[in-house]
$ cat start-v6.csv   # CSV, C-alpha atoms and all ligand atoms
chain,number,residue,atom,x,y,z
A,1210,PHE,CA,107.9,-172.9,-203.2
A,1211,ILE,CA,107.3,-172.3,-206.8
A,1212,TYR,CA,111.0,-172.1,-207.6
A,1213,THR,CA,111.3,-175.8,-206.9
A,1214,SER,CA,108.8,-176.5,-209.6
A,1215,THR,CA,110.0,-178.9,-212.3
A,1216,PHE,CA,108.4,-176.7,-214.9
A,1217,ALA,CA,110.2,-174.3,-217.1
A,1218,ALA,CA,108.4,-171.1,-216.0
A,1219,THR,CA,111.1,-168.7,-214.9
A,1220,LYS,CA,111.2,-166.0,-212.3
A,1221,CYS,CA,111.7,-162.5,-213.8
A,1222,SER,CA,113.2,-159.5,-212.2
A,1223,GLY,CA,110.1,-157.9,-210.7
A,1224,VAL,CA,110.5,-155.5,-207.9
A,1225,HIS,CA,109.2,-157.0,-204.7
A,1226,GLY,CA,105.7,-155.7,-204.0
A,1227,MET,CA,105.7,-153.3,-206.9
A,1228,VAL,CA,103.7,-153.1,-210.1
A,1229,ARG,CA,106.2,-152.5,-212.9
A,1230,PRO,CA,105.8,-152.1,-216.6
A,1231,LEU,CA,105.6,-155.5,-218.4
A,1232,MET,CA,106.7,-156.9,-221.7
A,1233,THR,CA,108.5,-155.5,-224.6
A,1234,GLY,CA,106.1,-154.2,-227.2
A,1235,ASP,CA,103.3,-153.6,-224.8
A,1236,SER,CA,103.3,-149.9,-225.4
A,1237,ALA,CA,101.1,-150.7,-228.3
A,1238,SER,CA,98.6,-152.5,-226.2
A,1239,PRO,CA,95.2,-150.9,-226.2
A,1240,PHE,CA,95.2,-150.7,-222.4
A,1241,SER,CA,96.6,-152.4,-219.4
A,1242,TYR,CA,95.1,-153.4,-216.0
A,1243,LYS,CA,98.1,-152.0,-214.2
A,1244,GLU,CA,96.3,-148.8,-213.5
A,1245,PHE,CA,93.5,-150.8,-211.9
A,1246,ILE,CA,95.9,-152.4,-209.5
A,1247,HIS,CA,97.7,-149.2,-208.8
A,1248,PHE,CA,94.3,-147.5,-207.9
A,1249,ALA,CA,93.2,-150.5,-205.8
A,1250,LEU,CA,96.4,-150.4,-203.7
A,1251,GLU,CA,96.4,-146.7,-203.2
A,1252,GLU,CA,92.7,-146.5,-202.4
A,1253,THR,CA,92.9,-149.4,-199.9
A,1254,LYS,CA,95.9,-147.7,-198.2
A,1255,LYS,CA,93.6,-144.8,-197.4
A,1256,TYR,CA,91.5,-147.1,-195.2
A,1257,THR,CA,94.0,-149.4,-193.7
A,1258,ASP,CA,97.7,-150.4,-193.4
A,1259,LEU,CA,98.6,-153.0,-196.0
A,1260,THR,CA,101.4,-155.3,-195.0
A,1261,PRO,CA,103.0,-157.5,-197.7
A,1262,SER,CA,101.8,-161.0,-197.2
A,1263,THR,CA,104.3,-163.8,-196.8
A,1264,LEU,CA,102.9,-165.1,-200.1
A,1265,GLN,CA,104.7,-162.3,-201.7
A,1266,GLU,CA,108.0,-164.0,-201.0
A,1267,ASN,CA,106.9,-167.1,-202.8
A,1268,PHE,CA,104.9,-165.6,-205.7
A,1269,SER,CA,105.8,-162.4,-207.4
A,1270,CYS,CA,106.6,-162.4,-211.0
A,1271,LEU,CA,106.9,-165.2,-213.5
A,1272,ALA,CA,107.4,-165.6,-217.2
A,1273,SER,CA,105.3,-168.2,-218.9
A,1274,LEU,CA,106.6,-171.3,-220.6
A,1275,ASP,CA,106.5,-169.6,-224.0
A,1276,GLY,CA,108.5,-166.6,-222.6
A,1277,LYS,CA,106.1,-164.2,-224.1
A,1278,THR,CA,103.7,-163.7,-221.3
A,1279,GLN,CA,104.3,-162.3,-217.8
A,1280,LEU,CA,102.4,-163.1,-214.7
A,1281,GLN,CA,102.5,-160.6,-211.9
A,1282,MET,CA,101.4,-161.4,-208.4
A,1283,LEU,CA,100.9,-159.2,-205.4
A,1284,ALA,CA,99.6,-160.1,-202.0
A,1285,PHE,CA,98.9,-158.1,-198.9
A,1286,GLU,CA,97.0,-158.3,-195.6
A,1287,SER,CA,95.7,-155.9,-193.0
A,1288,PRO,CA,93.8,-156.1,-189.6
A,1289,LYS,CA,90.5,-156.8,-191.4
A,1290,ILE,CA,91.8,-158.3,-194.6
A,1291,ARG,CA,93.0,-161.9,-194.6
A,1292,LEU,CA,94.3,-161.6,-198.1
A,1293,LEU,CA,94.3,-159.0,-200.8
A,1294,ARG,CA,95.8,-160.5,-203.9
A,1295,SER,CA,96.2,-159.8,-207.5
A,1296,LEU,CA,97.3,-161.8,-210.5
A,1297,SER,CA,97.7,-160.0,-213.8
A,1298,ILE,CA,98.8,-161.6,-217.0
A,1299,GLU,CA,100.0,-159.7,-220.0
A,1300,GLY,CA,100.6,-161.4,-223.3
A,1301,SER,CA,102.3,-160.2,-226.5
A,1302,ASP,CA,101.8,-160.8,-230.2
A,1303,GLY,CA,102.6,-164.4,-231.2
A,1304,MET,CA,102.1,-165.9,-227.8
A,1305,GLN,CA,102.2,-169.6,-228.6
A,1306,PHE,CA,101.0,-172.7,-226.8
A,1307,LYS,CA,102.4,-176.0,-227.8
A,1308,GLY,CA,101.2,-179.6,-227.3
A,1309,THR,CA,97.6,-179.0,-226.3
A,1310,THR,CA,95.3,-181.9,-227.0
A,1311,LEU,CA,92.2,-180.0,-226.0
A,1312,GLU,CA,90.4,-178.4,-228.9
A,1313,HIS,CA,88.6,-176.0,-226.7
A,1314,ALA,CA,91.9,-174.8,-225.2
A,1315,ASN,CA,93.3,-174.3,-228.7
A,1316,HIS,CA,90.2,-172.3,-229.6
A,1317,VAL,CA,90.5,-170.0,-226.5
A,1318,ILE,CA,94.3,-169.8,-226.8
A,1319,SER,CA,94.3,-168.9,-230.5
A,1320,LYS,CA,92.6,-165.7,-229.6
A,1321,LEU,CA,95.2,-164.7,-227.0
A,1322,ILE,CA,96.9,-162.0,-229.0
A,1323,ARG,CA,97.8,-159.2,-226.7
A,1324,SER,CA,95.7,-160.6,-224.0
A,1325,GLN,CA,95.3,-159.1,-220.6
A,1326,VAL,CA,94.0,-160.8,-217.5
A,1327,LEU,CA,93.3,-159.4,-214.1
A,1328,ASP,CA,92.2,-161.6,-211.2
A,1329,PHE,CA,91.9,-159.3,-208.2
A,1330,ALA,CA,90.2,-160.4,-205.0
A,1331,VAL,CA,90.0,-159.3,-201.3
A,1332,PHE,CA,89.2,-161.9,-198.7
A,1333,PRO,CA,88.1,-160.7,-195.2
A,1334,ARG,CA,89.3,-162.3,-192.0
A,1335,PRO,CA,86.8,-164.9,-190.7
A,1336,GLU,CA,85.7,-162.5,-187.9
A,1337,PHE,CA,84.0,-160.5,-190.6
A,1338,ASP,CA,81.0,-161.6,-192.7
A,1339,LEU,CA,82.0,-159.0,-195.4
A,1340,PRO,CA,81.5,-159.9,-199.0
A,1341,ILE,CA,84.6,-161.0,-201.0
A,1342,PHE,CA,85.7,-158.4,-203.5
A,1343,CYS,CA,86.0,-160.0,-206.9
A,1344,ALA,CA,87.3,-158.6,-210.2
A,1345,ASN,CA,88.0,-161.0,-213.0
A,1346,PHE,CA,88.7,-159.5,-216.4
A,1347,PHE,CA,89.8,-161.6,-219.3
A,1348,THR,CA,90.6,-159.5,-222.4
A,1349,THR,CA,91.8,-160.4,-225.9
A,1350,ALA,CA,92.0,-158.4,-229.1
A,1351,THR,CA,88.4,-159.4,-229.8
A,1352,THR,CA,86.7,-160.1,-226.5
A,1353,ASN,CA,86.4,-159.0,-222.9
A,1354,ILE,CA,84.9,-161.3,-220.3
A,1355,VAL,CA,84.1,-159.5,-217.1
A,1356,VAL,CA,82.9,-160.4,-213.6
A,1357,LEU,CA,83.0,-157.6,-211.1
A,1358,ASP,CA,81.2,-158.2,-207.8
A,1359,LEU,CA,81.2,-158.1,-204.1
A,1360,ASN,CA,80.6,-161.9,-203.9
A,1361,PRO,CA,78.4,-162.6,-201.0
A,1362,LEU,CA,79.9,-164.7,-198.2
A,1363,HIS,CA,76.4,-166.0,-197.3
A,1364,ASP,CA,73.4,-167.0,-199.5
A,1365,VAL,CA,71.7,-163.8,-200.6
A,1366,ILE,CA,68.7,-165.6,-202.0
A,1367,SER,CA,67.6,-167.3,-198.8
A,1368,GLN,CA,69.2,-164.9,-196.3
A,1369,LYS,CA,67.4,-161.6,-196.7
A,1370,ASP,CA,69.0,-160.0,-193.7
A,1371,TYR,CA,72.5,-160.6,-195.2
A,1372,LYS,CA,71.4,-159.1,-198.5
A,1373,GLU,CA,69.9,-156.1,-196.8
A,1374,LYS,CA,73.0,-155.6,-194.7
A,1375,TYR,CA,75.4,-155.3,-197.5
A,1376,TYR,CA,73.6,-154.7,-200.8
A,1377,LYS,CA,70.4,-152.8,-200.3
A,1378,ARG,CA,72.1,-149.4,-200.6
A,1379,LEU,CA,74.3,-150.4,-203.5
A,1380,ILE,CA,71.6,-151.8,-205.8
A,1381,PRO,CA,70.5,-148.5,-207.3
A,1382,HIS,CA,74.1,-147.5,-207.9
A,1383,ALA,CA,74.9,-150.8,-209.6
A,1384,LEU,CA,72.0,-150.3,-212.0
A,1385,ASP,CA,73.8,-147.2,-213.4
A,1386,TYR,CA,76.3,-149.5,-215.1
A,1387,ALA,CA,73.7,-151.9,-216.6
A,1388,GLU,CA,73.4,-149.9,-219.8
A,1389,LEU,CA,77.1,-149.7,-220.8
A,1390,LEU,CA,78.0,-153.1,-219.2
A,1391,PRO,CA,74.9,-155.2,-219.8
A,1392,TRP,CA,74.3,-158.8,-218.7
A,1393,GLY,CA,76.7,-161.1,-220.6
A,1394,GLY,CA,74.2,-163.8,-221.4
A,1395,LYS,CA,73.9,-167.4,-220.3
A,1396,ILE,CA,76.3,-168.4,-217.6
A,1397,THR,CA,77.4,-171.5,-215.7
A,1398,SER,CA,74.4,-171.9,-213.5
A,1399,GLU,CA,76.4,-172.9,-210.4
A,1400,SER,CA,78.2,-169.5,-210.5
A,1401,LEU,CA,75.1,-167.6,-209.9
A,1402,LYS,CA,75.0,-168.7,-206.2
A,1403,PHE,CA,78.4,-167.0,-205.8
A,1404,PHE,CA,77.2,-163.7,-207.2
A,1405,SER,CA,75.4,-160.9,-205.6
A,1406,PRO,CA,72.4,-158.7,-206.9
A,1407,ILE,CA,75.0,-156.1,-207.9
A,1408,VAL,CA,77.2,-158.3,-210.0
A,1409,ILE,CA,78.4,-157.0,-213.3
A,1410,TRP,CA,78.7,-159.9,-215.6
A,1411,THR,CA,79.4,-158.7,-219.1
A,1412,LYS,CA,81.1,-159.5,-222.4
A,1413,PHE,CA,82.1,-157.0,-225.0
A,1414,SER,CA,84.4,-156.2,-227.9
A,1415,PRO,CA,87.2,-154.0,-226.7
A,1416,CYS,CA,86.5,-150.3,-227.1
A,1417,GLN,CA,87.5,-147.2,-225.2
A,1418,ASP,CA,84.1,-146.4,-223.8
A,1419,LYS,CA,83.6,-149.8,-222.3
A,1420,HIS,CA,87.1,-149.9,-220.9
A,1421,HIS,CA,86.4,-146.5,-219.3
A,1422,ALA,CA,83.1,-147.7,-217.9
A,1423,LEU,CA,84.8,-150.8,-216.5
A,1424,TYR,CA,87.5,-148.8,-214.8
A,1425,SER,CA,84.8,-146.5,-213.2
A,1426,ALA,CA,82.8,-149.5,-212.1
A,1427,PHE,CA,86.0,-151.1,-210.6
A,1428,LYS,CA,86.8,-148.0,-208.7
A,1429,ASP,CA,83.2,-147.6,-207.4
A,1430,TYR,CA,82.9,-151.2,-206.4
A,1431,LEU,CA,86.2,-151.2,-204.6
A,1432,LYS,CA,85.4,-148.0,-202.8
A,1433,SER,CA,82.0,-149.5,-201.7
A,1434,TRP,CA,83.8,-152.6,-200.4
A,1435,LEU,CA,86.3,-150.5,-198.5
A,1436,LYS,CA,83.5,-148.4,-196.9
A,1437,LEU,CA,81.8,-151.6,-195.8
A,1438,MET,CA,85.1,-152.9,-194.4
A,1439,ASP,CA,85.7,-149.6,-192.6
A,1440,GLN,CA,82.3,-149.8,-190.9
A,1441,ALA,CA,82.5,-153.5,-190.1
A,1442,SER,CA,83.2,-154.6,-186.5
A,1443,GLY,CA,84.5,-158.0,-186.0
A,1444,GLU,CA,82.4,-160.8,-184.7
A,1445,THR,CA,83.3,-162.1,-181.3
A,1446,GLU,CA,81.0,-165.1,-181.0
A,1447,ILE,CA,83.0,-168.2,-181.9
A,1448,PRO,CA,80.1,-170.1,-183.6
A,1449,GLN,CA,79.5,-167.1,-186.0
A,1450,ILE,CA,83.2,-166.9,-186.8
A,1451,ILE,CA,83.2,-170.6,-187.6
A,1452,ILE,CA,80.3,-170.1,-189.9
A,1453,ASN,CA,82.1,-167.3,-191.7
A,1454,LEU,CA,85.2,-169.4,-191.9
A,1455,GLU,CA,83.3,-172.3,-193.4
A,1456,TRP,CA,81.6,-170.2,-196.0
A,1457,GLN,CA,84.8,-168.6,-197.1
A,1458,HIS,CA,86.4,-172.1,-197.3
A,1459,ARG,CA,83.4,-173.3,-199.4
A,1460,TYR,CA,83.9,-170.3,-201.8
A,1461,LEU,CA,87.7,-171.0,-202.1
A,1462,THR,CA,87.0,-174.7,-202.6
A,1463,TRP,CA,84.6,-173.9,-205.5
A,1464,ARG,CA,86.9,-171.5,-207.2
A,1465,ALA,CA,90.1,-173.5,-206.7
A,1466,GLU,CA,88.3,-176.4,-208.5
A,1467,LYS,CA,86.1,-174.8,-211.1
A,1468,ASP,CA,87.3,-171.4,-212.0
A,1469,PRO,CA,87.1,-170.9,-215.8
A,1470,GLY,CA,90.6,-169.5,-216.0
A,1471,HIS,CA,92.4,-172.7,-214.8
A,1472,LEU,CA,92.7,-174.2,-218.3
A,1473,LEU,CA,94.5,-171.2,-219.6
A,1474,LEU,CA,96.7,-170.9,-216.5
A,1475,ARG,CA,97.7,-174.6,-217.0
A,1476,ARG,CA,98.6,-173.9,-220.6
A,1477,LEU,CA,100.7,-170.9,-219.6
A,1478,VAL,CA,102.8,-172.3,-216.8
A,1479,GLY,CA,102.3,-176.0,-216.8
A,1480,GLU,CA,100.2,-178.3,-214.6
A,1481,THR,CA,102.3,-178.3,-211.4
A,1482,LEU,CA,102.9,-174.6,-211.2
A,1483,ALA,CA,99.3,-173.7,-212.1
A,1484,LYS,CA,98.2,-175.9,-209.2
A,1485,GLU,CA,100.5,-174.1,-206.9
A,1486,ILE,CA,99.3,-170.7,-208.0
A,1487,ILE,CA,95.7,-171.7,-207.7
A,1488,ARG,CA,95.8,-173.4,-204.3
A,1489,GLY,CA,98.7,-171.6,-202.8
A,1490,PHE,CA,98.1,-168.1,-204.1
A,1491,LEU,CA,94.8,-167.3,-205.8
A,1492,PHE,CA,92.7,-169.3,-203.4
A,1493,ASN,CA,95.1,-169.5,-200.6
A,1494,GLY,CA,93.3,-170.9,-197.5
A,1495,VAL,CA,91.6,-173.7,-199.5
A,1496,ASP,CA,94.1,-176.2,-197.9
A,1497,ASP,CA,94.1,-174.9,-194.4
A,1498,MET,CA,90.9,-173.0,-193.5
A,1499,GLY,CA,88.7,-176.1,-193.3
A,1500,ASN,CA,88.7,-179.9,-193.6
A,1501,LYS,CA,85.8,-180.3,-196.0
A,1502,THR,CA,86.5,-181.4,-199.5
A,1503,PHE,CA,85.0,-180.2,-202.8
A,1504,LEU,CA,82.7,-183.2,-202.9
A,1505,ASP,CA,81.5,-182.5,-199.3
A,1506,TYR,CA,80.4,-179.1,-200.4
A,1507,PHE,CA,79.3,-180.0,-203.9
A,1508,PRO,CA,78.3,-183.7,-203.9
A,1509,GLU,CA,76.5,-183.4,-207.2
A,1510,TYR,CA,79.9,-183.5,-208.9
A,1511,LYS,CA,80.7,-186.9,-207.5
A,1512,CYS,CA,81.4,-189.6,-210.2
A,1513,ASP,CA,80.6,-193.2,-209.6
A,1514,ASP,CA,84.2,-194.0,-208.9
A,1515,GLY,CA,84.3,-191.3,-206.3
A,1516,THR,CA,86.3,-188.7,-208.3
A,1517,ILE,CA,85.3,-185.2,-209.1
A,1518,ASN,CA,83.4,-184.7,-212.3
A,1519,PRO,CA,85.8,-182.6,-214.5
A,1520,LYS,CA,82.8,-180.8,-216.0
A,1521,ARG,CA,82.6,-177.2,-214.9
A,1522,SER,CA,78.9,-177.3,-214.6
A,1523,MET,CA,76.5,-180.1,-213.8
A,1524,ILE,CA,73.4,-178.0,-214.5
A,1525,GLY,CA,74.6,-176.3,-217.7
A,1526,LYS,CA,74.4,-172.7,-218.6
A,1527,SER,CA,71.4,-170.6,-218.0
A,1528,PHE,CA,70.2,-167.1,-217.1
A,1529,GLU,CA,70.0,-165.5,-220.5
A,1530,SER,CA,69.2,-162.2,-218.9
A,1531,ARG,CA,69.9,-160.7,-215.5
A,1532,PRO,CA,68.1,-162.8,-212.8
A,1533,TRP,CA,67.9,-159.9,-210.3
A,1534,ASN,CA,65.3,-157.2,-210.7
A,1535,ALA,CA,65.8,-153.5,-210.0
A,1536,ARG,CA,64.9,-154.1,-206.3
A,1537,GLY,CA,67.6,-156.7,-206.0
A,1538,GLU,CA,65.1,-159.5,-205.8
A,1539,PHE,CA,66.1,-162.8,-207.4
A,1540,ILE,CA,63.7,-163.5,-210.2
A,1541,SER,CA,64.7,-167.1,-210.6
A,1542,ASN,CA,65.6,-168.4,-214.0
A,1543,THR,CA,62.2,-167.8,-215.6
A,1544,SER,CA,63.9,-166.1,-218.6
A,1545,SER,CA,66.7,-168.8,-219.0
B,1,LIG,C1,85.2,-167.1,-218.7
B,1,LIG,N1,85.0,-166.4,-216.3
B,1,LIG,C2,84.5,-166.8,-217.4
B,1,LIG,C3,83.0,-166.9,-217.3
B,1,LIG,C4,82.8,-166.5,-216.0
B,1,LIG,C5,84.0,-166.2,-215.3
B,1,LIG,C6,81.4,-166.4,-215.3
B,1,LIG,C7,82.1,-167.2,-218.4
B,1,LIG,C8,82.0,-168.7,-218.5
B,1,LIG,C9,81.0,-169.3,-217.6
B,1,LIG,O1,79.8,-169.2,-217.8
B,1,LIG,O2,81.5,-169.9,-216.6
B,1,LIG,C10,84.3,-165.8,-214.0
B,1,LIG,N2,82.9,-167.5,-212.7
B,1,LIG,C11,83.7,-166.4,-212.8
B,1,LIG,C12,84.0,-165.9,-211.5
B,1,LIG,C13,83.3,-166.6,-210.6
B,1,LIG,C14,82.7,-167.7,-211.3
B,1,LIG,C15,84.9,-164.7,-211.1
B,1,LIG,O3,81.9,-168.6,-210.9
B,1,LIG,C16,83.3,-166.5,-209.1
B,1,LIG,C17,82.6,-167.2,-208.3
B,1,LIG,N3,89.5,-165.7,-216.1
B,1,LIG,C18,90.2,-165.3,-215.0
B,1,LIG,C19,91.6,-165.7,-215.2
B,1,LIG,C20,91.7,-166.3,-216.5
B,1,LIG,C21,90.4,-166.2,-217.0
B,1,LIG,C22,92.6,-165.5,-214.2
B,1,LIG,O4,89.7,-164.8,-214.0
B,1,LIG,C23,92.8,-166.8,-217.1
B,1,LIG,C24,94.0,-167.0,-216.6
B,1,LIG,C25,90.0,-166.7,-218.3
B,1,LIG,N4,87.5,-166.8,-218.1
B,1,LIG,C26,88.7,-167.0,-218.7
B,1,LIG,C27,88.5,-167.6,-220.0
B,1,LIG,C28,87.1,-167.7,-220.1
B,1,LIG,C29,86.5,-167.2,-218.9
B,1,LIG,C30,89.6,-168.1,-221.0
B,1,LIG,C31,86.3,-168.3,-221.3
B,1,LIG,C32,86.4,-169.8,-221.1
B,1,LIG,C33,85.1,-170.5,-221.4
B,1,LIG,O5,84.1,-169.9,-221.6
B,1,LIG,O6,85.2,-171.7,-221.3

$ encode --input "start-v6.csv" --output "structure tokens" --more "lines below"
Ligand code: BLA
Amino acid sequence: FIYTSTFAATKCSGVHGMVRPLMTGDSASPFSYKEFIHFALEETKKYTDLTPSTLQENFSCLASLDGKTQLQMLAFESPKIRLLRSLSIEGSDGMQFKGTTLEHANHVISKLIRSQVLDFAVFPRPEFDLPIFCANFFTTATTNIVVLDLNPLHDVISQKDYKEKYYKRLIPHALDYAELLPWGGKITSESLKFFSPIVIWTKFSPCQDKHHALYSAFKDYLKSWLKLMDQASGETEIPQIIINLEWQHRYLTWRAEKDPGHLLLRRLVGETLAKEIIRGFLFNGVDDMGNKTFLDYFPEYKCDDGTINPKRSMIGKSFESRPWNARGEFISNTSS
């Protein structure tokens, strides 16, 4: 349905379901996330048959309003995977954004020289309480912002059995990355509840070593997720399936409303198309997996007039250092 958009973003000649080279001039880019996507698809195919999702027909490849950025979207499903989807964005020199009134947007956007974005996620079907695979990498010439995690479907702070089930064996492994990809500092406090004890949250200036470490971590985390998926047997009890469904819907609802990338996406493709990409593609399911609204799940964002507070965070940023210890225990925000 994106082609009916009133906005000027145009479809480009991407090959259906394929990752293909992007942009003129991108040969000089320091790196690309294409190899990450290629690896992810090939590795996943070792474990399961991937069928192109119907979303693939609606969303595939777009050029941004400025014509200098390309958005590439891929979507698949499998017997245990409700949706595996990827959005990658590659920008070129001189990418321009016009007409913004938001100073912050201008600040962020002014740094978007040769930017690369990867938003890669795998959502299990509701019969499974598997974590959600989540890789969000935002890269400019000067900065990398990275979140790589198996986002827990259930609360890992209060539900010890869930934490044991999926993370216990992975925790020592995750610590191996802590040196090269250290904790990225204070973070939107609400996000923490969506992260697991093995989350890699980091920021760094681009360099080959870091990029290499990130690629290794991405491969390791995806392999770990695929092994968990392989071993998982689907829930047959309806009440448990409903609980899984609701928690996945809650997660989608959070991200569809408050993900930090939305502002940039809106600047790139316009308000209407960004909304379609966010609700119809990236967080597909938000409009049909449950009836609850954002404010049902997160009432603290309710304004006096009943609207959603546009602030990303009500609590503010905290967690200066990693709030999980080496045993994967949550050590609160004592150091925040
Ligand atoms: C910044 N992205 C961030 C930050 C986090 C995340 C934690 C740091 C700012 C903060 O503290 O919130 C990522 N946050 C997540 C994820 C979850 C979460 C994955 O709660 C999951 C539950 N990032 C993208 C895409 C774009 C993008 C697709 O994934 C752009 C199209 C951009 N992320 C982006 C930008 C920033 C950012 C521009 C800096 C913006 C800012 O700090 O305001």

$ residues_near_ligand --input "start-v6.csv" --ligand "ligand LIG 1 (chain B)" --cutoff "9 Å" --atoms "all atoms listed in the file" --output "number ranges by chain"
A: 1296-1298, 1313-1314, 1317-1318, 1321, 1325-1329, 1343-1348, 1354-1358, 1360, 1393-1404, 1410-1412, 1460-1461, 1463-1464, 1467-1475, 1477, 1491, 1521-1522, 1525-1527

$ write_last_selection --input "start-v6.csv" --atoms "C-alpha atoms" --output "short mmCIF file (atom, residue, chain, number, x, y, z; two decimals), in the coordinates of the input"
data_model
loop_
_atom_site.label_atom_id
_atom_site.label_comp_id
_atom_site.auth_asym_id
_atom_site.auth_seq_id
_atom_site.Cartn_x
_atom_site.Cartn_y
_atom_site.Cartn_z
CA LEU A 1296 97.30 -161.80 -210.50
CA SER A 1297 97.70 -160.00 -213.80
CA ILE A 1298 98.80 -161.60 -217.00
CA HIS A 1313 88.60 -176.00 -226.70
CA ALA A 1314 91.90 -174.80 -225.20
CA VAL A 1317 90.50 -170.00 -226.50
CA ILE A 1318 94.30 -169.80 -226.80
CA LEU A 1321 95.20 -164.70 -227.00
CA GLN A 1325 95.30 -159.10 -220.60
CA VAL A 1326 94.00 -160.80 -217.50
CA LEU A 1327 93.30 -159.40 -214.10
CA ASP A 1328 92.20 -161.60 -211.20
CA PHE A 1329 91.90 -159.30 -208.20
CA CYS A 1343 86.00 -160.00 -206.90
CA ALA A 1344 87.30 -158.60 -210.20
CA ASN A 1345 88.00 -161.00 -213.00
CA PHE A 1346 88.70 -159.50 -216.40
CA PHE A 1347 89.80 -161.60 -219.30
CA THR A 1348 90.60 -159.50 -222.40
CA ILE A 1354 84.90 -161.30 -220.30
CA VAL A 1355 84.10 -159.50 -217.10
CA VAL A 1356 82.90 -160.40 -213.60
CA LEU A 1357 83.00 -157.60 -211.10
CA ASP A 1358 81.20 -158.20 -207.80
CA ASN A 1360 80.60 -161.90 -203.90
CA GLY A 1393 76.70 -161.10 -220.60
CA GLY A 1394 74.20 -163.80 -221.40
CA LYS A 1395 73.90 -167.40 -220.30
CA ILE A 1396 76.30 -168.40 -217.60
CA THR A 1397 77.40 -171.50 -215.70
CA SER A 1398 74.40 -171.90 -213.50
CA GLU A 1399 76.40 -172.90 -210.40
CA SER A 1400 78.20 -169.50 -210.50
CA LEU A 1401 75.10 -167.60 -209.90
CA LYS A 1402 75.00 -168.70 -206.20
CA PHE A 1403 78.40 -167.00 -205.80
CA PHE A 1404 77.20 -163.70 -207.20
CA TRP A 1410 78.70 -159.90 -215.60
CA THR A 1411 79.40 -158.70 -219.10
CA LYS A 1412 81.10 -159.50 -222.40
CA TYR A 1460 83.90 -170.30 -201.80
CA LEU A 1461 87.70 -171.00 -202.10
CA TRP A 1463 84.60 -173.90 -205.50
CA ARG A 1464 86.90 -171.50 -207.20
CA LYS A 1467 86.10 -174.80 -211.10
CA ASP A 1468 87.30 -171.40 -212.00
CA PRO A 1469 87.10 -170.90 -215.80
CA GLY A 1470 90.60 -169.50 -216.00
CA HIS A 1471 92.40 -172.70 -214.80
CA LEU A 1472 92.70 -174.20 -218.30
CA LEU A 1473 94.50 -171.20 -219.60
CA LEU A 1474 96.70 -170.90 -216.50
CA ARG A 1475 97.70 -174.60 -217.00
CA LEU A 1477 100.70 -170.90 -219.60
CA LEU A 1491 94.80 -167.30 -205.80
CA ARG A 1521 82.60 -177.20 -214.90
CA SER A 1522 78.90 -177.30 -214.60
CA GLY A 1525 74.60 -176.30 -217.70
CA LYS A 1526 74.40 -172.70 -218.60
CA SER A 1527 71.40 -170.60 -218.00
#

$ closest_residue --input "start-v6.csv" --among "A:Ile1409, A:Asp1370, A:Leu1259, A:Gln1457" --to "Asn1493 (chain A)" --atoms "all atoms listed in the file"
A:Gln1457

$ closest_residue --input "start-v6.csv" --among "A:Glu1266, A:Asp1338, A:Asp1275, A:Glu1252" --to "Lys1289 (chain A)" --atoms "only C-alpha atoms"
A:Asp1338

$ closest_residue --input "start-v6.csv" --among "A:Thr1278, A:Gln1449, A:Thr1516, A:Ser1262" --to "Arg1294 (chain A)" --atoms "all atoms listed in the file"
A:Ser1262

$ atom_distance --input "start-v6.csv" --atom1 "CA of Lys1428 (chain A)" --atom2 "CA of Thr1253 (chain A)"
10.8 Å

$ atom_distance --input "start-v6.csv" --atom1 "CA of Leu1431 (chain A)" --atom2 "CA of Pro1288 (chain A)"
17.5 Å
